[in-house]
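K.L.:
A single structure is presented below for examination.
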Amino acid sequence: RTSPSRETMGRGDARPGDFDVYLLAQSWAPSFCCSSPDKCTTVSWAFSATHMSLHGLWPGYQKPKEGGRTYPSDCSSTARLDVSQLPRNFVDYAPSYCAYDAAKHKALLGSLGVHEWRKHGTCSGLPPQRYFGEAVRAMDALAGPSGEPMGRGTPRVVKENIGSAVAEVQLRASYARAVAIRVDSGCQLQEVTSCWQKNDDSTVGEQIHCPDYVMKGPRNNVSGAGCDRVHITMLGKCLKRARTKK
């Protein structure tokens, strides 16, 4: 049995490209802004105020390795990271990956972008520009249960219920494959993690059901948190109590 502590364990001496599944973690920014207002980069008119945004695209293992390791991390890489390597639509999809120096009128890499590349991107076996582009492609490839395009990585049930709550089963049913749903102690949506095949060239393949260790781990805590409904927080409307017990 894989413990929660093991589920977060990577390995610094892993080899780039030596993995067999991708995890696409998407955050609900309005909820993040409630818990970490000092790090919030979302404003009311931003894409991330009404859509899921990118946390990261993580190489992983279909089954835990020896010692319970579920993903490689901090692989050796000589690639140089520059803001020009980020896709243009990261301004919408991944606002925390970017920063802006007002004094120099210049776009910069945000701290999250640097962290995600060093910890996860270096293990993908892809150059930075291709790696970040694959994250966008995966978000755009997310589909509903009948295979219909979701629309820029966000289920309709989320977009249509901002400021209210949806049943856990309804939220899960809006995805084509089993995903992990994480909430806070008040049943407010924090993240959704979907899982993907790895192609032979290390690009993102088809969406798959998330492995057991993901579905039984802390990234999928909604049932364990005692929530049968998930609150979709509206930006600026932080709730202290949104819990709906089973």
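Chains: A, B, ... in order of the structure tokens. Residues: from 1 per chain. Ligands: from 1, in order shown.
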Counting only C-alpha atoms, what is within 10 Å of segment 222-224 of chain A, bar same-chain residues fewer than 2 positions away, as a list in words?

P.N.:
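Close residues of segment 222-224 of chain A: Glu168, Ala180, Ile181, Arg182, Val183, Asp184, Ser185, Cys187, Gln188, Leu189, Lys216, Gly217, Pro218, Arg219, Asn220, Gly226, Cys227, Asp228, Arg229, Val230, Lys245 and Lys246 of chain A.
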
K.L.:
Take the selection from the previous step and output its residues with C-alpha atoms, as a PDB file, in the first residue's frame.

P.N.:
ATOM      1  CA  GLU A 168     -19.321  15.200  -6.695  1.00  0.00           C
ATOM      2  CA  ALA A 180      -8.717  13.050  -9.072  1.00  0.00           C
ATOM      3  CA  ILE A 181     -10.581  15.898  -7.362  1.00  0.00           C
ATOM      4  CA  ARG A 182      -9.082  17.794  -4.458  1.00  0.00           C
ATOM      5  CA  VAL A 183     -11.025  20.099  -2.157  1.00  0.00           C
ATOM      6  CA  ASP A 184     -10.233  22.065   0.975  1.00  0.00           C
ATOM      7  CA  SER A 185     -11.772  21.500   4.405  1.00  0.00           C
ATOM      8  CA  CYS A 187     -15.512  21.374   0.246  1.00  0.00           C
ATOM      9  CA  GLN A 188     -14.284  24.133  -2.073  1.00  0.00           C
ATOM     10  CA  LEU A 189     -12.712  22.946  -5.323  1.00  0.00           C
ATOM     11  CA  LYS A 216      -6.552   6.646  -3.516  1.00  0.00           C
ATOM     12  CA  GLY A 217      -4.160   9.458  -2.608  1.00  0.00           C
ATOM     13  CA  PRO A 218      -4.430  13.032  -1.332  1.00  0.00           C
ATOM     14  CA  ARG A 219      -5.025  14.476  -4.813  1.00  0.00           C
ATOM     15  CA  ASN A 220      -8.435  12.783  -4.729  1.00  0.00           C
ATOM     16  CA  GLY A 226     -16.921  14.168   3.648  1.00  0.00           C
ATOM     17  CA  CYS A 227     -18.175  16.214   0.700  1.00  0.00           C
ATOM     18  CA  ASP A 228     -20.962  15.022  -1.550  1.00  0.00           C
ATOM     19  CA  ARG A 229     -21.127  18.454  -3.183  1.00  0.00           C
ATOM     20  CA  VAL A 230     -18.208  20.561  -4.371  1.00  0.00           C
ATOM     21  CA  LYS A 245     -21.676  16.366   4.654  1.00  0.00           C
ATOM     22  CA  LYS A 246     -22.738  13.022   3.234  1.00  0.00           C
TER      23      LYS A 246
END

K.L.:
Can you pull out every residue within 9 Å of Ser146 of chain A, counting only C-alpha atoms, but drop anything in the same chain fewer than 3 positions away, and send it as a VMD selection string?

P.N.:
chain A and resid 143 149 175 to 176

K.L.:
Given the selection you just returned, output its residues as a file containing all heavy atoms, formatted as a PDB file, in the first residue's frame.

P.N.:
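To be explicit, this is the file written out as again.pdb:
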ATOM      1  N   ALA A 143     -11.884  16.180 -22.755  1.00  0.00           N
ATOM      2  CA  ALA A 143     -13.206  15.993 -23.356  1.00  0.00           C
ATOM      3  C   ALA A 143     -14.195  15.498 -22.320  1.00  0.00           C
ATOM      4  O   ALA A 143     -13.831  15.007 -21.250  1.00  0.00           O
ATOM      5  CB  ALA A 143     -13.111  14.996 -24.511  1.00  0.00           C
ATOM      6  N   PRO A 149     -15.436  17.982 -27.130  1.00  0.00           N
ATOM      7  CA  PRO A 149     -14.425  18.869 -26.550  1.00  0.00           C
ATOM      8  C   PRO A 149     -14.999  19.657 -25.374  1.00  0.00           C
ATOM      9  O   PRO A 149     -16.133  20.143 -25.412  1.00  0.00           O
ATOM     10  CB  PRO A 149     -14.064  19.795 -27.713  1.00  0.00           C
ATOM     11  CG  PRO A 149     -14.405  19.017 -28.946  1.00  0.00           C
ATOM     12  CD  PRO A 149     -15.627  18.220 -28.568  1.00  0.00           C
ATOM     13  N   TYR A 175     -16.108  14.351 -17.008  1.00  0.00           N
ATOM     14  CA  TYR A 175     -14.840  13.998 -17.633  1.00  0.00           C
ATOM     15  C   TYR A 175     -14.957  12.649 -18.330  1.00  0.00           C
ATOM     16  O   TYR A 175     -15.685  11.765 -17.877  1.00  0.00           O
ATOM     17  CB  TYR A 175     -13.728  13.935 -16.587  1.00  0.00           C
ATOM     18  CG  TYR A 175     -13.300  15.292 -16.072  1.00  0.00           C
ATOM     19  CD1 TYR A 175     -13.970  15.904 -15.020  1.00  0.00           C
ATOM     20  CD2 TYR A 175     -12.230  15.968 -16.648  1.00  0.00           C
ATOM     21  CE1 TYR A 175     -13.586  17.153 -14.550  1.00  0.00           C
ATOM     22  CE2 TYR A 175     -11.828  17.215 -16.191  1.00  0.00           C
ATOM     23  CZ  TYR A 175     -12.516  17.804 -15.142  1.00  0.00           C
ATOM     24  OH  TYR A 175     -12.132  19.040 -14.679  1.00  0.00           O
ATOM     25  N   ALA A 176     -14.182  12.484 -19.409  1.00  0.00           N
ATOM     26  CA  ALA A 176     -14.225  11.246 -20.176  1.00  0.00           C
ATOM     27  C   ALA A 176     -13.591  10.073 -19.430  1.00  0.00           C
ATOM     28  O   ALA A 176     -13.962   8.924 -19.648  1.00  0.00           O
ATOM     29  CB  ALA A 176     -13.516  11.443 -21.514  1.00  0.00           C
TER      30      ALA A 176
END

K.L.:
Neighbours of segment 77-80 of chain A within 10 Å (only C-alpha atoms; same-chain residues fewer than 2 positions away dropped), as a ChimeraX atom specification?

P.N.:
/A:15-16,74-75,82,85,118,121-123,125-128

K.L.:
Keeping only N, CA, C and O atoms, write those residues as an mmCIF file, in the first residue's frame.

P.N.:
data_model
loop_
_atom_site.group_PDB
_atom_site.id
_atom_site.type_symbol
_atom_site.label_atom_id
_atom_site.label_comp_id
_atom_site.auth_asym_id
_atom_site.auth_seq_id
_atom_site.Cartn_x
_atom_site.Cartn_y
_atom_site.Cartn_z
ATOM 1 N N ARG A 15 16.229 9.509 -14.870
ATOM 2 C CA ARG A 15 16.661 9.818 -16.220
ATOM 3 C C ARG A 15 15.538 10.481 -17.003
ATOM 4 O O ARG A 15 14.393 10.042 -16.943
ATOM 5 N N PRO A 16 15.827 11.545 -17.757
ATOM 6 C CA PRO A 16 14.805 12.188 -18.584
ATOM 7 C C PRO A 16 14.153 11.179 -19.528
ATOM 8 O O PRO A 16 14.838 10.369 -20.154
ATOM 9 N N ASP A 74 13.551 16.437 -10.796
ATOM 10 C CA ASP A 74 14.848 17.123 -10.789
ATOM 11 C C ASP A 74 15.895 16.378 -11.618
ATOM 12 O O ASP A 74 16.996 16.105 -11.144
ATOM 13 N N CYS A 75 15.525 16.056 -12.842
ATOM 14 C CA CYS A 75 16.454 15.345 -13.722
ATOM 15 C C CYS A 75 17.538 16.301 -14.230
ATOM 16 O O CYS A 75 17.361 17.520 -14.255
ATOM 17 N N ASP A 82 13.724 30.217 -20.650
ATOM 18 C CA ASP A 82 13.504 31.636 -20.939
ATOM 19 C C ASP A 82 12.015 31.880 -21.133
ATOM 20 O O ASP A 82 11.282 30.997 -21.604
ATOM 21 N N GLN A 85 10.001 30.888 -24.226
ATOM 22 C CA GLN A 85 9.658 29.498 -24.492
ATOM 23 C C GLN A 85 8.242 29.144 -24.033
ATOM 24 O O GLN A 85 7.761 28.057 -24.314
ATOM 25 N N ARG A 118 12.100 22.842 -13.445
ATOM 26 C CA ARG A 118 13.201 22.186 -12.753
ATOM 27 C C ARG A 118 12.790 20.856 -12.149
ATOM 28 O O ARG A 118 13.510 19.864 -12.249
ATOM 29 N N GLY A 121 9.596 19.265 -15.591
ATOM 30 C CA GLY A 121 9.876 19.382 -17.020
ATOM 31 C C GLY A 121 11.191 18.758 -17.425
ATOM 32 O O GLY A 121 11.304 18.184 -18.520
ATOM 33 N N THR A 122 12.192 18.838 -16.564
ATOM 34 C CA THR A 122 13.499 18.265 -16.888
ATOM 35 C C THR A 122 13.438 16.753 -17.059
ATOM 36 O O THR A 122 14.307 16.165 -17.707
ATOM 37 N N CYS A 123 12.425 16.125 -16.482
ATOM 38 C CA CYS A 123 12.293 14.669 -16.580
ATOM 39 C C CYS A 123 11.454 14.228 -17.776
ATOM 40 O O CYS A 123 11.309 13.035 -18.033
ATOM 41 N N GLY A 125 12.063 14.758 -20.938
ATOM 42 C CA GLY A 125 12.838 14.420 -22.117
ATOM 43 C C GLY A 125 12.568 15.356 -23.279
ATOM 44 O O GLY A 125 13.068 15.152 -24.386
ATOM 45 N N LEU A 126 11.786 16.400 -23.036
ATOM 46 C CA LEU A 126 11.440 17.383 -24.063
ATOM 47 C C LEU A 126 12.156 18.704 -23.784
ATOM 48 O O LEU A 126 12.434 19.025 -22.625
ATOM 49 N N PRO A 127 12.410 19.498 -24.816
ATOM 50 C CA PRO A 127 12.935 20.846 -24.575
ATOM 51 C C PRO A 127 11.832 21.705 -23.948
ATOM 52 O O PRO A 127 10.638 21.394 -24.092
ATOM 53 N N PRO A 128 12.178 22.778 -23.264
ATOM 54 C CA PRO A 128 11.180 23.571 -22.542
ATOM 55 C C PRO A 128 9.982 24.002 -23.384
ATOM 56 O O PRO A 128 8.834 23.851 -22.955
#

K.L.:
Env of Val204 of chain A: 10 Å cut, atoms = only C-alpha atoms, seq-sep filter 6 positions within chain, self excluded. Answer as a list of chain:residue names.

P.N.:
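Residues meeting the cut-off are A:Val21, A:Tyr22, A:Leu23, A:Leu24, A:Leu57, A:Pro59, A:Tyr131, A:Glu134, A:Ala135, A:Arg137, A:Ala138, A:Ala141, A:Cys195, A:Trp196, A:Gln197, A:Lys198.
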
K.L.:
How about saving the chosen residues, N, CA, C and O atoms kept, as an mmCIF file, in the first residue's frame?

P.N.:
data_model
loop_
_atom_site.group_PDB
_atom_site.id
_atom_site.type_symbol
_atom_site.label_atom_id
_atom_site.label_comp_id
_atom_site.auth_asym_id
_atom_site.auth_seq_id
_atom_site.Cartn_x
_atom_site.Cartn_y
_atom_site.Cartn_z
ATOM 1 N N VAL A 21 3.574 7.757 -17.803
ATOM 2 C CA VAL A 21 2.280 8.410 -17.719
ATOM 3 C C VAL A 21 2.496 9.878 -17.368
ATOM 4 O O VAL A 21 3.515 10.242 -16.762
ATOM 5 N N TYR A 22 1.577 10.714 -17.803
ATOM 6 C CA TYR A 22 1.594 12.126 -17.420
ATOM 7 C C TYR A 22 0.401 12.425 -16.511
ATOM 8 O O TYR A 22 -0.702 11.894 -16.717
ATOM 9 N N LEU A 23 0.603 13.280 -15.535
ATOM 10 C CA LEU A 23 -0.476 13.827 -14.728
ATOM 11 C C LEU A 23 -0.603 15.302 -15.081
ATOM 12 O O LEU A 23 0.398 16.042 -15.078
ATOM 13 N N LEU A 24 -1.806 15.728 -15.406
ATOM 14 C CA LEU A 24 -2.089 17.129 -15.696
ATOM 15 C C LEU A 24 -2.879 17.699 -14.520
ATOM 16 O O LEU A 24 -4.043 17.361 -14.327
ATOM 17 N N LEU A 57 2.268 19.880 -15.573
ATOM 18 C CA LEU A 57 2.228 18.632 -16.323
ATOM 19 C C LEU A 57 3.375 17.787 -15.797
ATOM 20 O O LEU A 57 4.551 18.152 -15.954
ATOM 21 N N PRO A 59 5.487 14.193 -15.377
ATOM 22 C CA PRO A 59 5.817 12.808 -15.699
ATOM 23 C C PRO A 59 5.629 11.934 -14.455
ATOM 24 O O PRO A 59 5.942 12.360 -13.338
ATOM 25 N N TYR A 131 7.753 21.046 -24.034
ATOM 26 C CA TYR A 131 7.137 20.582 -22.788
ATOM 27 C C TYR A 131 5.960 21.469 -22.387
ATOM 28 O O TYR A 131 4.854 20.977 -22.107
ATOM 29 N N GLU A 134 3.030 21.028 -24.667
ATOM 30 C CA GLU A 134 2.269 19.806 -24.435
ATOM 31 C C GLU A 134 1.234 19.994 -23.314
ATOM 32 O O GLU A 134 0.166 19.388 -23.339
ATOM 33 N N ALA A 135 1.545 20.827 -22.343
ATOM 34 C CA ALA A 135 0.578 21.101 -21.272
ATOM 35 C C ALA A 135 -0.659 21.783 -21.841
ATOM 36 O O ALA A 135 -1.798 21.440 -21.492
ATOM 37 N N ARG A 137 -1.662 21.590 -24.968
ATOM 38 C CA ARG A 137 -2.334 20.626 -25.847
ATOM 39 C C ARG A 137 -3.188 19.653 -25.040
ATOM 40 O O ARG A 137 -4.300 19.297 -25.453
ATOM 41 N N ALA A 138 -2.689 19.246 -23.881
ATOM 42 C CA ALA A 138 -3.470 18.347 -23.024
ATOM 43 C C ALA A 138 -4.718 19.037 -22.501
ATOM 44 O O ALA A 138 -5.810 18.450 -22.482
ATOM 45 N N ALA A 141 -7.207 19.148 -25.119
ATOM 46 C CA ALA A 141 -7.693 17.825 -25.515
ATOM 47 C C ALA A 141 -8.701 17.240 -24.524
ATOM 48 O O ALA A 141 -9.330 16.225 -24.825
ATOM 49 N N CYS A 195 -5.131 12.183 -16.161
ATOM 50 C CA CYS A 195 -3.958 11.354 -16.447
ATOM 51 C C CYS A 195 -3.932 10.973 -17.922
ATOM 52 O O CYS A 195 -4.984 10.786 -18.546
ATOM 53 N N TRP A 196 -2.702 10.842 -18.455
ATOM 54 C CA TRP A 196 -2.513 10.715 -19.896
ATOM 55 C C TRP A 196 -1.423 9.702 -20.220
ATOM 56 O O TRP A 196 -0.452 9.583 -19.479
ATOM 57 N N GLN A 197 -1.593 9.017 -21.327
ATOM 58 C CA GLN A 197 -0.540 8.145 -21.821
ATOM 59 C C GLN A 197 0.664 8.980 -22.244
ATOM 60 O O GLN A 197 0.520 10.156 -22.593
ATOM 61 N N LYS A 198 1.823 8.365 -22.218
ATOM 62 C CA LYS A 198 3.033 8.989 -22.759
ATOM 63 C C LYS A 198 3.320 8.352 -24.113
ATOM 64 O O LYS A 198 3.393 7.117 -24.227
#

K.L.:
To test your reading of the structure, identify every residue in segment 6-191 of chain A that backbone DSSP assigns to strand (DSSP E or B), and report it as an NGL selection string.

P.N.:
:A and (21-27 or 53-60 or 98-101 or 106-109 or 143 or 149 or 165-167 or 180-183 or 188-191)

K.L.:
Taking 2 positions as the minimum chain separation for residues in the same chain, which residues sit within 10 Å of segment 96-101 of chain A when counting only C-alpha atoms? Answer as a ChimeraX atom specification.

P.N.:
/A:29,39-42,53-56,83,86,90-94,103-116

K.L.:
Write out the residues from the selection above, keeping N, CA, C and O atoms, as a compact mmCIF listing (two decimals), in the first residue's frame.

P.N.:
# COMPACT_ATOMS: atom_id res chain seq x y z
N ALA A 29 -8.29 28.81 -9.55
CA ALA A 29 -7.61 29.99 -9.02
C ALA A 29 -8.41 30.77 -7.97
O ALA A 29 -7.82 31.24 -6.99
N LYS A 39 -0.34 35.57 -3.00
CA LYS A 39 0.23 34.96 -4.20
C LYS A 39 -0.77 34.96 -5.37
O LYS A 39 -0.47 34.44 -6.44
N CYS A 40 -1.92 35.54 -5.16
CA CYS A 40 -2.98 35.53 -6.18
C CYS A 40 -2.62 36.43 -7.37
O CYS A 40 -2.24 37.58 -7.18
N THR A 41 -2.72 35.90 -8.57
CA THR A 41 -2.45 36.67 -9.78
C THR A 41 -3.71 36.83 -10.64
O THR A 41 -3.63 37.30 -11.77
N THR A 42 -4.86 36.42 -10.10
CA THR A 42 -6.11 36.43 -10.86
C THR A 42 -6.93 37.67 -10.55
O THR A 42 -7.08 38.06 -9.40
N SER A 53 -6.98 26.58 -14.40
CA SER A 53 -5.68 27.02 -14.88
C SER A 53 -4.63 25.94 -14.61
O SER A 53 -4.84 25.03 -13.80
N LEU A 54 -3.51 26.05 -15.30
CA LEU A 54 -2.47 25.02 -15.21
C LEU A 54 -1.67 25.13 -13.93
O LEU A 54 -1.12 26.18 -13.62
N HIS A 55 -1.59 24.03 -13.18
CA HIS A 55 -0.62 23.90 -12.10
C HIS A 55 0.64 23.26 -12.66
O HIS A 55 1.72 23.81 -12.53
N GLY A 56 0.48 22.10 -13.30
CA GLY A 56 1.65 21.49 -13.89
C GLY A 56 1.34 20.24 -14.68
O GLY A 56 0.28 19.62 -14.52
N VAL A 83 11.55 33.06 -20.80
CA VAL A 83 10.12 33.37 -20.90
C VAL A 83 9.62 33.24 -22.33
O VAL A 83 8.43 32.94 -22.56
N LEU A 86 7.61 30.05 -23.33
CA LEU A 86 6.24 29.79 -22.87
C LEU A 86 5.26 30.09 -24.00
O LEU A 86 5.38 31.11 -24.69
N PHE A 90 -0.28 31.01 -22.41
CA PHE A 90 -0.03 30.81 -20.99
C PHE A 90 -0.50 32.01 -20.17
O PHE A 90 -0.73 31.90 -18.97
N VAL A 91 -0.62 33.16 -20.79
CA VAL A 91 -1.16 34.33 -20.10
C VAL A 91 -2.55 33.99 -19.55
O VAL A 91 -2.91 34.42 -18.46
N ASP A 92 -3.31 33.20 -20.31
CA ASP A 92 -4.62 32.74 -19.86
C ASP A 92 -4.52 31.43 -19.09
O ASP A 92 -5.00 31.32 -17.97
N TYR A 93 -3.88 30.44 -19.70
CA TYR A 93 -3.88 29.09 -19.16
C TYR A 93 -3.05 28.94 -17.89
O TYR A 93 -3.36 28.13 -17.03
N ALA A 94 -1.95 29.70 -17.80
CA ALA A 94 -1.01 29.52 -16.68
C ALA A 94 -0.45 30.87 -16.22
O ALA A 94 0.75 31.13 -16.34
N ALA A 103 9.04 48.18 -14.17
CA ALA A 103 10.10 49.17 -14.33
C ALA A 103 10.81 49.01 -15.68
O ALA A 103 11.17 49.99 -16.34
N LYS A 104 11.00 47.75 -16.08
CA LYS A 104 11.71 47.48 -17.34
C LYS A 104 10.75 47.20 -18.50
O LYS A 104 11.20 46.99 -19.63
N HIS A 105 9.43 47.19 -18.19
CA HIS A 105 8.42 46.88 -19.21
C HIS A 105 8.77 45.58 -19.93
O HIS A 105 8.83 45.50 -21.16
N LYS A 106 9.00 44.56 -19.11
CA LYS A 106 9.50 43.31 -19.65
C LYS A 106 8.82 42.12 -18.98
O LYS A 106 8.64 42.10 -17.77
N ALA A 107 8.45 41.13 -19.80
CA ALA A 107 7.88 39.89 -19.27
C ALA A 107 8.99 39.02 -18.70
O ALA A 107 10.08 38.95 -19.27
N LEU A 108 8.70 38.36 -17.59
CA LEU A 108 9.68 37.50 -16.93
C LEU A 108 9.06 36.15 -16.64
O LEU A 108 7.84 36.00 -16.65
N LEU A 109 9.90 35.18 -16.36
CA LEU A 109 9.42 33.88 -15.89
C LEU A 109 8.94 34.02 -14.45
O LEU A 109 9.65 34.59 -13.61
N GLY A 110 7.77 33.49 -14.16
CA GLY A 110 7.28 33.49 -12.79
C GLY A 110 7.92 32.35 -12.01
O GLY A 110 8.48 31.41 -12.58
N SER A 111 7.81 32.41 -10.71
CA SER A 111 8.44 31.40 -9.86
C SER A 111 7.86 30.01 -10.10
O SER A 111 8.57 29.01 -10.03
N LEU A 112 6.55 29.93 -10.39
CA LEU A 112 5.95 28.61 -10.63
C LEU A 112 6.50 27.99 -11.90
O LEU A 112 6.77 26.78 -11.95
N GLY A 113 6.69 28.80 -12.94
CA GLY A 113 7.23 28.27 -14.18
C GLY A 113 8.63 27.70 -14.00
O GLY A 113 8.95 26.62 -14.51
N VAL A 114 9.45 28.41 -13.25
CA VAL A 114 10.81 27.94 -12.98
C VAL A 114 10.78 26.64 -12.17
O VAL A 114 11.48 25.67 -12.48
N HIS A 115 9.94 26.61 -11.14
CA HIS A 115 9.82 25.42 -10.28
C HIS A 115 9.35 24.21 -11.07
O HIS A 115 9.92 23.11 -10.95
N GLU A 116 8.30 24.39 -11.86
CA GLU A 116 7.73 23.26 -12.59
C GLU A 116 8.71 22.69 -13.62
O GLU A 116 8.78 21.49 -13.82

K.L.:
So which one's closest to His209 of chain A, A:Glu191, A:Thr233, A:Ala167, A:Gln62? Using only C-alpha atoms, please.

P.N.:
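Of A:Glu191, A:Thr233, A:Ala167, A:Gln62, the one nearest His209 of chain A, counting only C-alpha atoms, is A:Gln62.
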